[in-house]
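Colleague: This is the structure I want to talk about, given as structure tokens.
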Amino acid sequence: ILSVLQFRNFKIIYRRYAGLYFCICVDVNDNNLAYLEAIHNFVEVLNEYFHNVCELDLVFNFYKVYTVVDEMFLAGEIRETSQTKVLKQLLMLQSLE
Amino acid sequence: MPAVSKGDGMRGLAVFISDIRNCKSKEAEIKRINKELANIRSKFKGDKALDGYSKKKYVCKLLFIFLLGHDIDFGHMEAVNLLSSNKYTEKQIGYLFISVLVNSNSELIRLINNAIKNDLASRNPTFMCLALHCIANVGSREMGEAFAADIPRILVAGDSMDSVKQSAALCLLRLYKASPDLVPMGEWTARVVHLLNDQHMGVVTAAVSLITCLCKKNPDDFKTCISLAVSRLSRIVSSASTDLQDYTYYFVPAPWLSVKLLRLLQCYPPPEDAAVKGRLVECLETVLNKAQEPPKSKKVQHSNAKNAILFETISLIIHYDSEPNLLVRACNQLGQFLQHRETNLRYLALESMCTLASSEFSHEAVKTHIDTVINALKTERDVSVRQRAADLLYAMCDRSNAKQIVSEMLRYLETADYAIREEIVLKVAILAEKYAVDYSWYVDTILNLIRIAGDYVSEEVWYRVLQIVTNRDDVQGYAAKTVFEALQAPACHENMVKVGGYILGEFGNLIAGDPRSSPPVQFSLLHSKFHLCSVATRALLLSTYIKFINLFPETKATIQAVLRAGSQLRNADVELQQRAVEYLTLSSVASTDVLATVLEEMPPFPERESSILAKLKRKKGPGAGSALDDGRRDPSSNDINGGVEPTPSTVSTPSPSADLLGLRAAPPPAAPPASAGAGNLLVDVFDGPAAQPSLGPTPEEAFLSELEPPAPESPMALLADPAPAADPGPEDIGPPIPEADELLNKFVCKNNGVLFENQLLQIGVKSEFRQNLGRMYLFYGNKTSVQFQNFSPTVVHPGDLQTQLAVQTKRVAAQVDGGAQVQQVLNIECLRDFLTPPLLSVRFRYGGAPQAFTLKLPVTINKFFQPTEMAAQDFFQRWKQLSLPQQEAQKIFKANHPMDAEVTKAKLLGFGSALLDNVDPNPENFVGAGIIQTKALQVGCLLRLEPNAQAQMYRLTLRTSKEPVSRHLCELLAQQF
């Protein structure tokens, strides 16, 4: 299955996990596969952080999902790709009051 | 690793979310939400001060309600309060709320900025990151103004933590994209480049994005990044699959960073330094080599990450377009992917190959895959993939394979998805024209297009076939015969009737000798379709009929009867009625000679870019540019088929309209609907200035009536809808760009052309002047793939000009899509003589960045020249009458261009004056006369230009009844030689 869609002057790269679609909207000349794997990298971090993540984790902890996003993507760019580093940072934040 | 479980943290929130999820209906959900909103409101308003935890919980609930799609109009103040909490969780919720529900209340913004300022200064990396993320997510101008100067400092400070540096880099990127003017360049930029050497790969990852963005605007300032990027890339590419530990993803070392570095390098030409270049080529080869190695994992993540780098490497190789060896290797690699079982790879391979096809080094290699691509067009299940296959076939097409590709695309058209039919039609039409060896093949192809997909054949396509047939004697007979045959089909598409009607009207005589297609047969064949056609087609057919009366006098009685029929003469449609009435009268009143002159065969069309190509570019946007670009790999094709054959332009404008039509462009500047004169339908077809419609007086009349002075009330109507709501006064707009005068000079002697062009925008001009009136069409072409926002071109009258020149503009759309073009019509009236041209101020936002510049509108006093013919003695008499010293202006100047009498003549004619022969005793000299028409007065002008070939000098003398006009005209004209 193709995992890219033209959207206006952009394209949407998407990947499906169970009932959820994860989508990233990028410029048409951006690298498809790199963003496709960025989605997967993100999902693996969620999986580790929420221990076998499921849709409900994301709903009930939506405000934490934002934190995970900010660690990995910022200003429309990839910020950090190391799962170890991201998880370490998330755990540190988790320990704060 | 401890997991986060639901409910940890805020219990009340979890309960609320559960309640919402348990709602059985939308109404129940709304009820529950309203209850919660009331509860939160009362808590916020209550006397009891809320503790931080409650505040956080309620703000979080509000956020959740907002995310469900409901409006939230309170809670901002409580969220702002959370920002100053010193507990991370409270602060985080506060920042999140602010980022998601940005509010433009200025008091709030002041408080928010204050909180951000404190956090940035806190030296607590967690708080600093929260503040930076908020700025990066909001990215507003206010935040830019407050922090753009601080962030570079945080970014390069020696004591900033790595995570802070990462966030600062991307925060700065966001602010720069939103408001580049707010980010001061300075000493920090050099240090940012050195972040490419940072030990922390995350810092490098963030920094590369920032540098890639900054270097696009200031390539020289960031040039040092090339060698640093190459050495970083080289270290990654040559590392073993486990060397980079944290940054290895499924056995691929740092795939995202590699991709970013390769993209950074695409901002620059190949490295100049041989050592750096050698190292880079080595990297690129290594990537290509690795693609051939057996995979280290069967997981798709592994191959995707590896191929992400591979595709970016190929992009860089294509960008350099200088290493034939690498280009061919890239092509072979993509060829393997064309047959891969992964759809994504096939899609990407087709996409990349499209750009490879336009490189002279790899064009041939791409062509070897033609069968696979044709197969993809036939068998791929996803329409996007088929579309890419069609794009690639188009890109790889050349003279050698055009017939095969065109016939495959025609075959595909029969079953193609509706969404892409029009595009395929355009592509087939372009290829058929460009690679036509014999034009009968071209005509057959276009008629096939109409047969197979008539509904998708746009005007541009059938106009074009008419233009080509008109310009090529050798195909006219064949075209007439072929359309005649095509029209025999019991059901033929209306577009076929249009083409047939037009061609038979022009060239039906070429097949009239054959009794099977004698004039009466031709007529009754066409007329049998008449009643089923739309008004536009019927109007065209009526014109064909009047042409028949001229071509074939024997049809006159039959056709007059048709025109006379009540259904035509009293047709409810005014266009048809007018044609019927006028043509009937023309055919009865005019003598054969007059008829033959009026209905003379159409003159050839001027050479220009195919309107179809322009349309395809508009459709696809400049992204498709490389594939559409023809000149590069097959320069010879331009000469033969690039456009219709050049024909000497007969218009008074000396320069052919070529550059204007080189615009990506231009729906023909169709007359506004108000003046739907009989000629309009056809004028659209003609579209070029050279093609003075020879159809009769009507088109000409329409032209004049459009230029008639507006009735007293009509300016009011136009003013009711003035161009921009707030017409910026001259003080609001910047000074004209430095080249403005030079650009203006180009238009003194011509009316059409490209006025301005930069990387983003092209502005074309097409104008006509009659007496003291003028109409100008400005074409704004967006050359990028990104939409322009707030696009507002305005005409400004500096100084006294307002009383001298009236320019009415229509508002244009505020958004200009990537690759699209908008047209602006200016109605100009010269009230009295003027010296300075109006200014055109163009403003828009491109990718968030405001763009503004000012040009001089090419309206100079000489545009309102009316040439005057006069005999030698009249000339001398007037010359003497204007002998006061202040009435004369003279200039002696050096020739800036070769002194060619023909060119000079053309320029003087373009300038607007009549050229008088046999006036000056010296035949080398030029003498001209004309009257400048303004509303208030007329200014008679006489001019004399004396070339001195030996000295390469000219002497130019102007005499007019008004002193400033003499000087000004002299000034303007002197710069042209």
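Chain labels run A, B, ... following the order of the structure tokens; each chain numbers its residues from 1, and ligands are numbered from 1 in the order shown.
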Within 6 Å of chain A, which residues of chain B are there when counting only C-alpha atoms? Please give them as a ChimeraX atom specification.

Modeller: /B:3-4,6,87-89,136,170,174,202,206,246-247,304,308,343-344

Colleague: Quick one: residues within 9 Å of B:Lys367, only C-alpha atoms, excluding same-chain residues fewer than 6 positions away - as a PDB file with N, CA, C and O atoms, in the first residue's frame?

Modeller:
ATOM      1  N   ALA B 357      15.428  11.888 -15.789  1.00  0.00           N
ATOM      2  CA  ALA B 357      15.187  11.889 -17.230  1.00  0.00           C
ATOM      3  C   ALA B 357      15.580  13.211 -17.862  1.00  0.00           C
ATOM      4  O   ALA B 357      15.869  13.284 -19.045  1.00  0.00           O
ATOM      5  N   LEU B 393       6.780   8.782 -18.184  1.00  0.00           N
ATOM      6  CA  LEU B 393       6.738   8.583 -19.643  1.00  0.00           C
ATOM      7  C   LEU B 393       6.862   9.927 -20.349  1.00  0.00           C
ATOM      8  O   LEU B 393       7.562  10.069 -21.349  1.00  0.00           O
ATOM      9  N   MET B 396      10.482  11.104 -20.134  1.00  0.00           N
ATOM     10  CA  MET B 396      11.495  10.362 -20.902  1.00  0.00           C
ATOM     11  C   MET B 396      11.229  10.423 -22.406  1.00  0.00           C
ATOM     12  O   MET B 396      11.990   9.887 -23.199  1.00  0.00           O
ATOM     13  N   CYS B 397      10.173  11.096 -22.777  1.00  0.00           N
ATOM     14  CA  CYS B 397       9.806  11.108 -24.190  1.00  0.00           C
ATOM     15  C   CYS B 397      10.789  11.953 -25.005  1.00  0.00           C
ATOM     16  O   CYS B 397      11.197  13.036 -24.591  1.00  0.00           O
ATOM     17  N   ASN B 401      11.119   7.908 -29.180  1.00  0.00           N
ATOM     18  CA  ASN B 401      10.080   7.037 -28.633  1.00  0.00           C
ATOM     19  C   ASN B 401       8.719   7.716 -28.567  1.00  0.00           C
ATOM     20  O   ASN B 401       7.787   7.200 -27.963  1.00  0.00           O
TER      21      ASN B 401
END

Colleague: In chain A, what's strand (DSSP E or B) per DSSP? Answer as a VMD selection string?

Modeller: chain A and resid 4 to 7 10 to 17 20 to 27 73 to 74 77 to 78

Colleague: Counting only C-alpha atoms, which residue out of B:Leu576, B:Leu937, B:Val192, B:Cys283 sits closest to B:Arg232?

Modeller: B:Cys283

Colleague: Env of B:Thr415: 12 Å cut, atoms = only C-alpha atoms, seq-sep filter 4 positions within chain, self excluded. Answer as a PDB file with N, CA, C and O atoms, in the first residue's frame.

Modeller:
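New file result22.pdb:
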ATOM      1  N   LEU B 377       1.997   1.739 -15.914  1.00  0.00           N
ATOM      2  CA  LEU B 377       0.830   2.537 -16.270  1.00  0.00           C
ATOM      3  C   LEU B 377      -0.398   1.643 -16.439  1.00  0.00           C
ATOM      4  O   LEU B 377      -1.514   2.024 -16.132  1.00  0.00           O
ATOM      5  N   LYS B 378      -0.136   0.418 -16.922  1.00  0.00           N
ATOM      6  CA  LYS B 378      -1.266  -0.473 -17.186  1.00  0.00           C
ATOM      7  C   LYS B 378      -1.699  -1.253 -15.951  1.00  0.00           C
ATOM      8  O   LYS B 378      -2.863  -1.593 -15.815  1.00  0.00           O
ATOM      9  N   THR B 379      -0.743  -1.570 -15.077  1.00  0.00           N
ATOM     10  CA  THR B 379      -1.068  -2.569 -14.053  1.00  0.00           C
ATOM     11  C   THR B 379      -1.075  -2.057 -12.619  1.00  0.00           C
ATOM     12  O   THR B 379      -1.582  -2.741 -11.745  1.00  0.00           O
ATOM     13  N   VAL B 383      -3.759   4.772  -7.983  1.00  0.00           N
ATOM     14  CA  VAL B 383      -3.792   5.805  -9.022  1.00  0.00           C
ATOM     15  C   VAL B 383      -2.587   6.749  -8.916  1.00  0.00           C
ATOM     16  O   VAL B 383      -2.056   7.207  -9.932  1.00  0.00           O
ATOM     17  N   ARG B 386       0.190   5.215 -10.807  1.00  0.00           N
ATOM     18  CA  ARG B 386      -0.018   5.323 -12.259  1.00  0.00           C
ATOM     19  C   ARG B 386       0.270   6.743 -12.729  1.00  0.00           C
ATOM     20  O   ARG B 386       0.832   6.966 -13.789  1.00  0.00           O
ATOM     21  N   GLU B 408       0.738   4.756 -26.267  1.00  0.00           N
ATOM     22  CA  GLU B 408       0.431   4.104 -24.989  1.00  0.00           C
ATOM     23  C   GLU B 408      -0.425   5.014 -24.106  1.00  0.00           C
ATOM     24  O   GLU B 408      -1.326   4.561 -23.420  1.00  0.00           O
ATOM     25  N   MET B 409      -0.096   6.298 -24.115  1.00  0.00           N
ATOM     26  CA  MET B 409      -0.864   7.209 -23.280  1.00  0.00           C
ATOM     27  C   MET B 409      -2.290   7.343 -23.806  1.00  0.00           C
ATOM     28  O   MET B 409      -3.248   7.427 -23.027  1.00  0.00           O
ATOM     29  N   LEU B 410      -2.438   7.337 -25.114  1.00  0.00           N
ATOM     30  CA  LEU B 410      -3.791   7.381 -25.682  1.00  0.00           C
ATOM     31  C   LEU B 410      -4.576   6.142 -25.260  1.00  0.00           C
ATOM     32  O   LEU B 410      -5.745   6.221 -24.905  1.00  0.00           O
ATOM     33  N   ARG B 411      -3.891   5.001 -25.303  1.00  0.00           N
ATOM     34  CA  ARG B 411      -4.564   3.760 -24.929  1.00  0.00           C
ATOM     35  C   ARG B 411      -4.968   3.825 -23.458  1.00  0.00           C
ATOM     36  O   ARG B 411      -6.066   3.459 -23.074  1.00  0.00           O
ATOM     37  N   ALA B 419      -9.784  11.566 -12.562  1.00  0.00           N
ATOM     38  CA  ALA B 419      -9.003  12.625 -11.917  1.00  0.00           C
ATOM     39  C   ALA B 419      -7.800  13.043 -12.749  1.00  0.00           C
ATOM     40  O   ALA B 419      -7.362  14.181 -12.676  1.00  0.00           O
ATOM     41  N   ILE B 420      -7.241  12.136 -13.520  1.00  0.00           N
ATOM     42  CA  ILE B 420      -6.008  12.520 -14.199  1.00  0.00           C
ATOM     43  C   ILE B 420      -6.179  12.596 -15.711  1.00  0.00           C
ATOM     44  O   ILE B 420      -5.228  12.812 -16.441  1.00  0.00           O
ATOM     45  N   ARG B 421      -7.420  12.455 -16.179  1.00  0.00           N
ATOM     46  CA  ARG B 421      -7.595  12.474 -17.636  1.00  0.00           C
ATOM     47  C   ARG B 421      -7.159  13.785 -18.275  1.00  0.00           C
ATOM     48  O   ARG B 421      -6.503  13.790 -19.300  1.00  0.00           O
ATOM     49  N   ILE B 424      -3.481  13.964 -18.647  1.00  0.00           N
ATOM     50  CA  ILE B 424      -2.969  13.084 -19.693  1.00  0.00           C
ATOM     51  C   ILE B 424      -3.245  13.709 -21.065  1.00  0.00           C
ATOM     52  O   ILE B 424      -2.407  13.692 -21.963  1.00  0.00           O
ATOM     53  N   ILE B 452     -11.489  10.184 -27.940  1.00  0.00           N
ATOM     54  CA  ILE B 452     -11.426   9.326 -26.759  1.00  0.00           C
ATOM     55  C   ILE B 452     -11.871  10.070 -25.507  1.00  0.00           C
ATOM     56  O   ILE B 452     -12.545   9.523 -24.652  1.00  0.00           O
ATOM     57  N   ALA B 453     -11.457  11.303 -25.381  1.00  0.00           N
ATOM     58  CA  ALA B 453     -11.698  12.004 -24.125  1.00  0.00           C
ATOM     59  C   ALA B 453     -12.118  13.433 -24.400  1.00  0.00           C
ATOM     60  O   ALA B 453     -11.600  14.377 -23.824  1.00  0.00           O
TER      61      ALA B 453
END

Colleague: Tell me, as an MDAnalysis selection string, which residues lie within 8 Å of stretch 438-444 of chain B, counting only C-alpha atoms; anything in the same chain fewer than 2 positions away does not count.

Modeller: chainID B and resid 432:433 436 446:448 465 475 478:479 482

Colleague: Create the file for the chosen residues now, containing all heavy atoms and written as a JSON list (two decimals), in the first residue's frame.

Modeller:
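Below is the file that was written, again-v7.json:
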[["chain", "number", "residue", "atom", "x", "y", "z"],
["B", 432, "ALA", "N", 2.71, 15.34, -28.73],
["B", 432, "ALA", "CA", 2.39, 15.17, -30.15],
["B", 432, "ALA", "C", 2.88, 16.37, -30.94],
["B", 432, "ALA", "O", 3.40, 16.24, -32.05],
["B", 432, "ALA", "CB", 0.88, 15.00, -30.33],
["B", 433, "GLU", "N", 2.77, 17.55, -30.33],
["B", 433, "GLU", "CA", 3.20, 18.75, -31.05],
["B", 433, "GLU", "C", 4.73, 18.82, -31.09],
["B", 433, "GLU", "O", 5.34, 19.10, -32.11],
["B", 433, "GLU", "CB", 2.65, 19.99, -30.36],
["B", 433, "GLU", "CG", 3.16, 21.26, -31.00],
["B", 433, "GLU", "CD", 2.70, 22.50, -30.26],
["B", 433, "GLU", "OE1", 1.70, 22.45, -29.53],
["B", 433, "GLU", "OE2", 3.38, 23.54, -30.41],
["B", 436, "ALA", "N", 6.35, 16.02, -33.29],
["B", 436, "ALA", "CA", 5.74, 15.70, -34.58],
["B", 436, "ALA", "C", 6.79, 15.80, -35.66],
["B", 436, "ALA", "O", 7.46, 16.82, -35.80],
["B", 436, "ALA", "CB", 4.60, 16.67, -34.86],
["B", 446, "ILE", "N", -4.41, 14.55, -32.12],
["B", 446, "ILE", "CA", -5.32, 15.45, -31.41],
["B", 446, "ILE", "C", -6.77, 15.06, -31.67],
["B", 446, "ILE", "O", -7.60, 15.05, -30.76],
["B", 446, "ILE", "CB", -5.09, 16.92, -31.85],
["B", 446, "ILE", "CG1", -3.64, 17.34, -31.57],
["B", 446, "ILE", "CG2", -6.06, 17.85, -31.13],
["B", 446, "ILE", "CD1", -3.26, 17.38, -30.12],
["B", 447, "LEU", "N", -7.05, 14.66, -32.90],
["B", 447, "LEU", "CA", -8.43, 14.26, -33.17],
["B", 447, "LEU", "C", -8.77, 13.00, -32.39],
["B", 447, "LEU", "O", -9.89, 12.84, -31.89],
["B", 447, "LEU", "CB", -8.66, 14.08, -34.68],
["B", 447, "LEU", "CG", -8.53, 15.37, -35.50],
["B", 447, "LEU", "CD1", -8.88, 15.13, -36.96],
["B", 447, "LEU", "CD2", -9.40, 16.49, -34.94],
["B", 448, "ASN", "N", -7.78, 12.12, -32.25],
["B", 448, "ASN", "CA", -7.99, 10.93, -31.42],
["B", 448, "ASN", "C", -8.28, 11.32, -29.98],
["B", 448, "ASN", "O", -9.12, 10.72, -29.32],
["B", 448, "ASN", "CB", -6.74, 10.04, -31.43],
["B", 448, "ASN", "CG", -6.86, 8.98, -32.49],
["B", 448, "ASN", "OD1", -7.97, 8.55, -32.80],
["B", 448, "ASN", "ND2", -5.74, 8.56, -33.05],
["B", 465, "VAL", "N", -4.38, 23.29, -31.86],
["B", 465, "VAL", "CA", -4.36, 22.55, -33.12],
["B", 465, "VAL", "C", -4.75, 23.50, -34.25],
["B", 465, "VAL", "O", -4.20, 23.45, -35.35],
["B", 465, "VAL", "CB", -5.22, 21.27, -33.06],
["B", 465, "VAL", "CG1", -6.69, 21.57, -33.00],
["B", 465, "VAL", "CG2", -4.94, 20.38, -34.26],
["B", 475, "VAL", "N", -0.08, 20.95, -43.88],
["B", 475, "VAL", "CA", -0.99, 20.03, -43.21],
["B", 475, "VAL", "C", -2.45, 20.45, -43.38],
["B", 475, "VAL", "O", -3.36, 19.73, -42.99],
["B", 475, "VAL", "CB", -0.60, 19.91, -41.72],
["B", 475, "VAL", "CG1", -1.06, 21.15, -40.95],
["B", 475, "VAL", "CG2", -1.17, 18.65, -41.10],
["B", 478, "TYR", "N", -4.68, 18.05, -45.39],
["B", 478, "TYR", "CA", -4.87, 16.81, -44.64],
["B", 478, "TYR", "C", -5.83, 17.03, -43.48],
["B", 478, "TYR", "O", -6.72, 16.21, -43.23],
["B", 478, "TYR", "CB", -3.52, 16.29, -44.13],
["B", 478, "TYR", "CG", -3.65, 15.00, -43.36],
["B", 478, "TYR", "CD1", -3.77, 13.79, -44.02],
["B", 478, "TYR", "CD2", -3.70, 15.02, -41.97],
["B", 478, "TYR", "CE1", -3.92, 12.61, -43.31],
["B", 478, "TYR", "CE2", -3.86, 13.84, -41.25],
["B", 478, "TYR", "CZ", -3.96, 12.64, -41.93],
["B", 478, "TYR", "OH", -4.13, 11.50, -41.22],
["B", 479, "ALA", "N", -5.65, 18.17, -42.80],
["B", 479, "ALA", "CA", -6.51, 18.46, -41.66],
["B", 479, "ALA", "C", -7.95, 18.58, -42.10],
["B", 479, "ALA", "O", -8.86, 18.04, -41.47],
["B", 479, "ALA", "CB", -6.04, 19.74, -40.97],
["B", 482, "THR", "N", -9.28, 15.15, -42.82],
["B", 482, "THR", "CA", -9.45, 14.33, -41.63],
["B", 482, "THR", "C", -10.64, 14.78, -40.78],
["B", 482, "THR", "O", -11.40, 13.97, -40.30],
["B", 482, "THR", "CB", -8.17, 14.36, -40.77],
["B", 482, "THR", "OG1", -7.06, 14.30, -41.64],
["B", 482, "THR", "CG2", -8.12, 13.21, -39.81]]

Colleague: Using only C-alpha atoms, which residues sit within 9 Å of B:Ile93 once same-chain residues fewer than 2 positions away are excluded, as a PyMOL selection string?

Modeller: (chain A and resi 63) or (chain B and resi 56-57+59-60+79+82-83+88-91+95-98)

Colleague: Using Å and a single decimal, report how far atom CA of B:Asn782 sits from atom CA of B:Leu175.

Modeller: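 Between atom CA of B:Leu175 and atom CA of B:Asn782 the gap is 24.0 Å.
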
Colleague: Find, counting only C-alpha atoms, the residue in A:Val68, A:Phe7, A:Val43, A:Val86 that gets nearest to A:Phe22.

Modeller: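 Closest to A:Phe22, using only C-alpha atoms: A:Val43.
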
Colleague: Report as number ranges by chain all protein, DNA and RNA residues lying within 7 Å of stretch 215-226 of chain B, evaluated on only C-alpha atoms, omitting residues in the same chain fewer than 4 positions from it.

Modeller: B: 193, 211, 230, 265, 267

Colleague: Please determine, counting only C-alpha atoms, which residue among B:Cys129, B:Ile33, B:Cys134, B:Leu956 has the shortest atom-to-atom distance to B:Ala168.

Modeller: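 Among the listed residues, B:Cys129 lies closest to B:Ala168.
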
Colleague: Name the residues in contact with B:Gly781 at a cut-off of 10 Å, using only C-alpha atoms, excluding same-chain residues fewer than 3 positions from it; report them as a PyMOL selection string.

Modeller: chain B and resi 618+663-666+757+760-764+778+784+816-823
